[in-house]
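*Asks:* If it helps, the file is called coords28.txt and holds compact mmCIF, C-alpha atoms:
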```
# COMPACT_ATOMS: atom_id res chain seq x y z
CA MET A 23 0.00 0.00 0.00
CA ARG A 24 2.82 2.44 0.87
CA SER A 25 4.55 1.73 -2.47
CA ALA A 26 1.35 2.47 -4.42
CA LEU A 27 0.85 5.78 -2.62
CA LEU A 28 4.45 6.86 -3.26
CA THR A 29 4.15 6.07 -6.97
CA ALA A 30 0.92 8.06 -7.32
CA CYS A 31 2.50 10.98 -5.51
CA ALA A 32 5.56 10.89 -7.75
CA VAL A 33 3.45 10.99 -10.91
CA ALA A 34 1.51 14.01 -9.64
CA LEU A 35 4.79 15.80 -8.85
CA LEU A 36 6.16 15.04 -12.32
CA THR A 37 3.13 16.54 -14.03
CA ALA A 38 3.09 19.67 -11.90
CA CYS A 39 6.82 20.29 -12.37
CA ALA A 40 6.83 19.93 -16.15
CA ALA A 41 3.65 21.93 -16.67
CA GLN A 42 5.27 25.02 -15.19
CA GLU A 43 8.32 24.99 -17.47
CA GLN A 44 8.43 27.76 -20.05
CA SER A 45 11.02 28.36 -22.72
CA PRO A 46 12.75 31.71 -23.31
CA LEU A 47 12.16 33.74 -26.43
CA ARG A 48 14.14 34.71 -29.52
CA THR A 49 13.39 36.40 -32.81
CA ILE A 50 11.85 34.22 -35.52
CA ASP A 51 14.48 33.56 -38.19
CA ALA A 52 12.41 34.37 -41.27
CA ARG A 53 9.23 36.35 -41.52
CA ASN A 54 7.43 37.18 -44.70
CA PRO A 55 6.22 40.74 -45.14
CA SER A 56 2.68 41.41 -43.98
CA PRO A 57 0.06 41.39 -46.73
CA SER A 58 -0.83 45.04 -46.13
CA PRO A 59 -1.34 47.19 -49.23
CA PRO A 60 1.44 49.70 -49.99
CA ALA A 61 -0.99 52.54 -50.68
CA SER A 62 -1.99 55.16 -48.11
CA PRO A 63 -4.10 53.61 -45.35
CA ARG A 64 -7.85 53.75 -45.96
CA CYS A 65 -8.77 52.46 -42.49
CA GLN A 66 -8.55 54.13 -39.09
CA ALA A 67 -5.46 52.72 -37.36
CA ASP A 68 -6.96 53.39 -33.93
CA GLY A 69 -10.53 52.55 -34.87
CA TYR A 70 -10.61 48.76 -34.32
CA THR A 71 -13.48 47.29 -32.33
CA TRP A 72 -13.02 43.68 -31.23
CA GLN A 73 -16.24 41.68 -31.06
CA SER A 74 -14.54 38.63 -29.56
CA ILE A 75 -11.06 37.50 -28.54
CA VAL A 76 -10.64 33.80 -27.80
CA HIS A 77 -7.54 32.34 -26.08
CA ARG A 78 -6.97 28.61 -26.30
CA THR A 79 -3.99 26.41 -25.45
CA THR A 80 -3.39 24.23 -28.51
CA LEU A 81 -1.30 21.07 -28.77
CA ILE A 82 1.40 21.51 -31.45
CA GLY A 83 4.12 19.01 -30.51
CA LEU A 84 4.10 15.46 -29.21
CA SER A 85 6.65 12.73 -28.56
CA ASP A 86 6.19 9.01 -28.94
CA ALA A 87 5.41 7.18 -25.71
CA ARG A 88 8.69 5.92 -24.23
CA GLU A 89 9.36 3.40 -21.48
CA ILE A 90 11.38 5.25 -18.83
CA GLN A 91 12.45 4.51 -15.27
CA ILE A 92 13.15 7.45 -12.97
CA PRO A 93 15.19 6.53 -9.89
CA ALA A 94 14.12 7.55 -6.40
CA HIS A 95 15.09 11.18 -5.77
CA GLY A 96 16.49 11.26 -9.30
CA SER A 97 15.66 12.47 -12.80
CA ALA A 98 15.47 11.31 -16.40
CA PRO A 99 15.43 13.21 -19.73
CA SER A 100 11.97 13.89 -21.16
CA PRO A 101 11.06 12.23 -24.48
CA THR A 102 11.77 14.37 -27.59
CA PRO A 103 8.62 15.88 -29.13
CA LYS A 104 7.96 16.47 -32.84
CA LEU A 105 5.83 19.15 -34.50
CA ILE A 106 2.39 17.71 -35.29
CA ARG A 107 0.56 20.81 -36.54
CA THR A 108 1.10 23.29 -39.40
CA LEU A 109 -0.08 26.85 -38.80
CA SER A 110 0.63 30.39 -39.98
CA ALA A 111 -0.49 33.62 -38.31
CA ARG A 112 -3.12 35.14 -40.60
CA ILE A 113 -5.69 37.87 -41.21
CA SER A 114 -8.81 37.70 -43.36
CA PRO A 115 -7.77 38.35 -47.02
CA THR A 116 -11.01 40.24 -47.65
CA ALA A 117 -10.13 42.71 -44.89
CA VAL A 118 -6.70 43.34 -46.43
CA GLU A 119 -8.30 43.84 -49.85
CA ALA A 120 -10.62 46.42 -48.27
CA GLY A 121 -7.62 48.43 -47.02
CA VAL A 122 -6.87 46.99 -43.57
CA ARG A 123 -3.18 47.04 -42.67
CA SER A 124 -2.26 43.78 -40.93
CA THR A 125 0.30 45.59 -38.74
CA ASP A 126 -2.40 47.96 -37.46
CA ALA A 127 -4.80 45.10 -36.78
CA LEU A 128 -2.12 43.11 -34.94
CA ALA A 129 -1.05 46.12 -32.84
CA SER A 130 -4.66 46.71 -31.84
CA LEU A 131 -5.14 43.03 -30.95
CA GLU A 132 -1.93 43.00 -28.87
CA ASP A 133 -3.15 46.05 -26.97
CA LYS A 134 -6.53 44.46 -26.34
CA ALA A 135 -5.12 41.05 -25.39
CA SER A 136 -2.28 42.58 -23.31
CA GLU A 137 0.40 40.29 -24.75
CA VAL A 138 3.00 40.20 -27.52
CA LEU A 139 1.75 38.17 -30.49
CA GLU A 140 3.44 36.71 -33.55
CA PRO A 141 3.28 38.89 -36.72
CA ILE A 142 1.02 37.95 -39.59
CA ASN A 143 2.55 35.27 -41.88
CA THR A 144 4.81 33.87 -39.11
CA ARG A 145 5.04 30.11 -39.46
CA LEU A 146 4.65 27.92 -36.43
CA THR A 147 7.79 26.31 -34.99
CA LEU A 148 7.95 23.59 -32.38
CA HIS A 149 9.89 25.53 -29.75
CA ALA A 150 9.77 29.17 -28.79
CA PRO A 151 12.28 31.30 -30.70
CA ALA A 152 15.21 30.85 -28.29
CA GLY A 153 14.77 27.11 -28.30
CA ARG A 154 14.10 24.94 -25.30
CA LEU A 155 16.12 24.41 -22.18
CA THR A 156 17.12 20.84 -21.35
CA SER A 157 14.04 19.12 -19.98
CA LYS A 158 14.08 16.56 -17.19
CA MET A 159 11.43 14.66 -15.30
CA ILE A 160 12.09 14.69 -11.56
CA ASN A 161 11.09 12.03 -9.04
CA ASP A 162 11.01 13.36 -5.46
CA SER A 163 9.71 10.14 -3.91
CA ASP A 164 11.56 7.38 -2.07
CA ALA A 165 10.66 4.80 -4.74
CA PRO A 166 11.59 4.54 -8.43
CA VAL A 167 8.90 5.38 -10.98
CA ARG A 168 8.57 3.37 -14.18
CA GLY A 169 6.15 3.72 -17.06
CA ARG A 170 5.51 4.99 -20.57
CA PHE A 171 6.01 8.76 -20.68
CA VAL A 172 5.05 11.40 -23.23
CA GLU A 173 6.17 15.01 -23.75
CA ALA A 174 3.63 17.56 -25.09
CA VAL A 175 4.20 21.10 -26.39
CA GLY A 176 1.50 23.76 -26.69
CA ILE A 177 0.94 27.37 -27.72
CA ARG A 178 -1.54 29.98 -26.57
CA LEU A 179 -3.63 30.49 -29.73
CA VAL A 180 -5.41 33.85 -30.02
CA THR A 181 -8.30 34.48 -32.43
CA GLY A 182 -9.90 37.92 -32.63
CA THR A 183 -12.83 39.18 -34.70
CA PHE A 184 -12.92 42.91 -35.46
CA THR A 185 -14.67 45.73 -37.28
CA VAL A 186 -13.01 48.94 -38.48
CA ALA A 187 -14.10 51.94 -40.54
CA CYS A 188 -12.45 52.06 -43.98
CA ALA A 189 -13.25 54.97 -46.33
CA GLY A 190 -16.76 55.27 -44.92
CA ASP A 191 -17.49 51.52 -44.91
CA THR A 192 -17.42 49.06 -42.01
CA VAL A 193 -14.98 46.23 -42.69
CA ARG A 194 -15.05 42.97 -40.73
CA GLY A 195 -12.21 40.53 -40.33
CA THR A 196 -10.47 37.93 -38.19
CA VAL A 197 -6.88 37.66 -36.95
CA THR A 198 -5.45 34.32 -35.82
CA THR A 199 -2.03 34.23 -34.17
CA TRP A 200 -0.36 33.07 -30.95
CA GLY A 201 1.76 34.22 -28.03
CA ARG A 202 5.53 33.85 -28.15
CA GLY A 203 6.00 31.35 -25.33
CA ARG A 204 5.45 27.61 -25.22
CA SER A 205 4.01 25.34 -22.55
CA TYR A 206 5.48 21.90 -21.90
CA GLU A 207 3.90 18.97 -20.14
CA SER A 208 5.39 15.57 -19.28
CA LEU A 209 2.85 12.87 -18.51
CA ARG A 210 2.66 9.19 -17.80
CA CYS A 211 0.42 7.03 -19.97
CA GLY A 212 -2.62 5.83 -18.07
CA THR A 213 -2.58 8.75 -15.61
CA LYS A 214 -5.41 11.17 -16.38
CA ASP A 215 -5.80 12.96 -13.04
CA HIS A 216 -4.53 16.54 -12.79
CA LEU A 217 -3.92 16.80 -16.55
CA SER A 218 -4.75 19.95 -18.53
CA ALA A 219 -6.93 19.75 -21.65
CA MET A 220 -3.71 19.72 -23.70
CA GLY A 221 -2.33 16.90 -21.54
CA ARG A 222 -5.48 14.83 -21.97
CA GLU A 223 -5.30 15.25 -25.74
CA ALA A 224 -1.62 14.29 -25.73
CA GLU A 225 -2.27 11.21 -23.60
CA ARG A 226 -5.10 10.14 -25.89
CA LYS A 227 -3.04 10.59 -29.07
CA ALA A 228 0.28 9.13 -27.93
CA CYS A 229 -0.72 6.43 -25.48
CA THR A 230 -3.49 4.66 -27.35
CA THR A 231 -1.49 3.85 -30.49
```
For the file at hand, write its structure as structure tokens.
*Replies:*
Amino acid sequence: MRSALLTACAVALLTACAAQEQSPLRTIDARNPSPSPPASPRCQADGYTWQSIVHRTTLIGLSDAREIQIPAHGSAPSPTPKLIRTLSARISPTAVEAGVRSTDALASLEDKASEVLEPINTRLTLHAPAGRLTSKMINDSDAPVRGRFVEAVGIRLVTGTFTVACAGDTVRGTVTTWGRGRSYESLRCGTKDHLSAMGREAERKACTT
């Protein structure tokens, strides 16, 4: 009975520790120019009204499930994740055609969302721009922990719907982008307690194959 309790405790500690890890930031290597028209702006740069702004943590990277043993009061490297989703930051083409500058729309959305967001046309990468620090799973219990472990990577996806006045007309559009950090979560297959929505999706995808 004592051994079972220690193992359950260790798994909970592993999940909590890895979920808090964040990577530092760097500048994206290559960014395409925004699709804003070169002509004089037809839309009010400070006139954006946001009908809705939705934040959602989205799974973008996942490792294969790996059999790992973590010694008592020891650590083990986390499995290596791979990018599983293709995504580019974007704005409605019809809004750009109507005269909306993507840089103005993004600046307004950043101000409203109170966070730095990736520019339009940025392509999704697995790790945050500065790359990821070495990741380890830590076992603080008195007993070794063994099982199949998975590493998940997520982003904070932001989707905003706006209206803005352009040359006397009301133009509607949508911006989809993400914050510049990443969230990481190490989990043990078969353990569903205390997992985030991203963790549950990762466990379902990696552990049932």
*Asks:* Excluding same-chain residues fewer than 6 positions from A:Cys188, what lies within 12 Å of it counting all atoms listed in the file, as a list in words?
*Replies:* Ser62, Pro63, Arg64, Cys65, Gln66, Ala67, Asp68, Gly69, Tyr70, Ala117, Val118, Glu119, Ala120, Gly121, Val122, Arg123 and Arg194 of chain A
*Asks:* So the first atom is atom CA of A:Gly169 and the second is atom CA of A:Arg107; what is the distance between them in Å, to one decimal place?
*Replies:*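 We find that atom CA of A:Gly169 and atom CA of A:Arg107 lie 26.5 Å from each other.
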*Asks:* Let me make sure I understand: among A:Ile90, A:Leu139, A:Val76, A:Ala127, which one has the smallest atom-to-atom distance to A:Lys158 if we use only C-alpha atoms?
*Replies:* A:Ile90
*Asks:* Which residues of stretch 81-130 of chain A come within 6 Å of stretch 171-184 of chain A, and what is each one's closest atom pair and distance in Å (one decimal), counting all atoms listed in the file, sorted by chain and residue number, as a Markdown table?
*Replies:*
```
| residue | atom | partner | partner_atom | distance |
| --- | --- | --- | --- | --- |
| A:Leu81 | CA | A:Gly176 | CA | 4.4 |
| A:Ile82 | CA | A:Gly176 | CA | 5.3 |
| A:Gly83 | CA | A:Val175 | CA | 4.6 |
| A:Leu84 | CA | A:Ala174 | CA | 4.6 |
| A:Ser85 | CA | A:Glu173 | CA | 5.3 |
| A:Ala87 | CA | A:Val172 | CA | 4.9 |
| A:Arg88 | CA | A:Phe171 | CA | 5.3 |
| A:Pro101 | CA | A:Glu173 | CA | 5.7 |
| A:Pro103 | CA | A:Glu173 | CA | 6.0 |
```
*Asks:* Kindly export the residues of the current selection with C-alpha atoms, as a PDB file, in the coordinates of the input.
*Replies:*
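As a result, result_8.pdb now contains:
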```pdb
ATOM      1  CA  LEU A  81      -1.300  21.070 -28.770  1.00  0.00           C
ATOM      2  CA  ILE A  82       1.400  21.510 -31.450  1.00  0.00           C
ATOM      3  CA  GLY A  83       4.120  19.010 -30.510  1.00  0.00           C
ATOM      4  CA  LEU A  84       4.100  15.460 -29.210  1.00  0.00           C
ATOM      5  CA  SER A  85       6.650  12.730 -28.560  1.00  0.00           C
ATOM      6  CA  ALA A  87       5.410   7.180 -25.710  1.00  0.00           C
ATOM      7  CA  ARG A  88       8.690   5.920 -24.230  1.00  0.00           C
ATOM      8  CA  PRO A 101      11.060  12.230 -24.480  1.00  0.00           C
ATOM      9  CA  PRO A 103       8.620  15.880 -29.130  1.00  0.00           C
TER      10      PRO A 103
END
```
*Asks:* Would you compute the distance between atom CA of A:Thr108 and atom CA of A:Asp215? Give it in Å to one decimal.
*Replies:*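 Atom-to-atom, atom CA of A:Thr108 and atom CA of A:Asp215 are spaced 29.1 Å apart.
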*Asks:* If you measure from atom CA of A:Lys227 to atom CA of A:Glu89, what distance in Å do you get, rounded to one decimal?
*Replies:* 16.2 Å
*Asks:* Go through A:Thr213, A:Thr185, A:Ser163, A:Ser110 and flag the residue nearest A:Arg145, using only C-alpha atoms for the distances.
*Replies:* A:Ser110
*Asks:* Would you mind telling me which residue in A:Lys104, A:Arg168, A:Arg222, A:Arg204 lies nearest to A:His149 when using only C-alpha atoms?
*Replies:*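 Once distances to A:His149 are computed over only C-alpha atoms, the minimum belongs to A:Arg204.
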*Asks:* Show me, as a PyMOL selection string, the residues that have an atom within 12 Å of A:Gly201 when counting all atoms listed in the file, minus same-chain residues fewer than 2 positions from it.
*Replies:* chain A and resi 47+77-80+111+128+131-132+135-141+144+146+150-151+176-181+198-199+203-205
*Asks:* Check the smallest atom-to-atom distance from each of A:Asp191, A:Glu223, A:Asp86, A:Asp126 to A:Arg170 using only C-alpha atoms, then report the winner.
*Replies:*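 Among the listed residues, A:Asp86 lies closest to A:Arg170.
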*Asks:* Between A:His216, A:Ile106, A:Ser130, A:Ser157, which residue has the minimum interatomic distance to A:Ala228, considering all atoms listed in the file?
*Replies:*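 Answer, going by the shortest atom-to-atom distance: A:Ile106.
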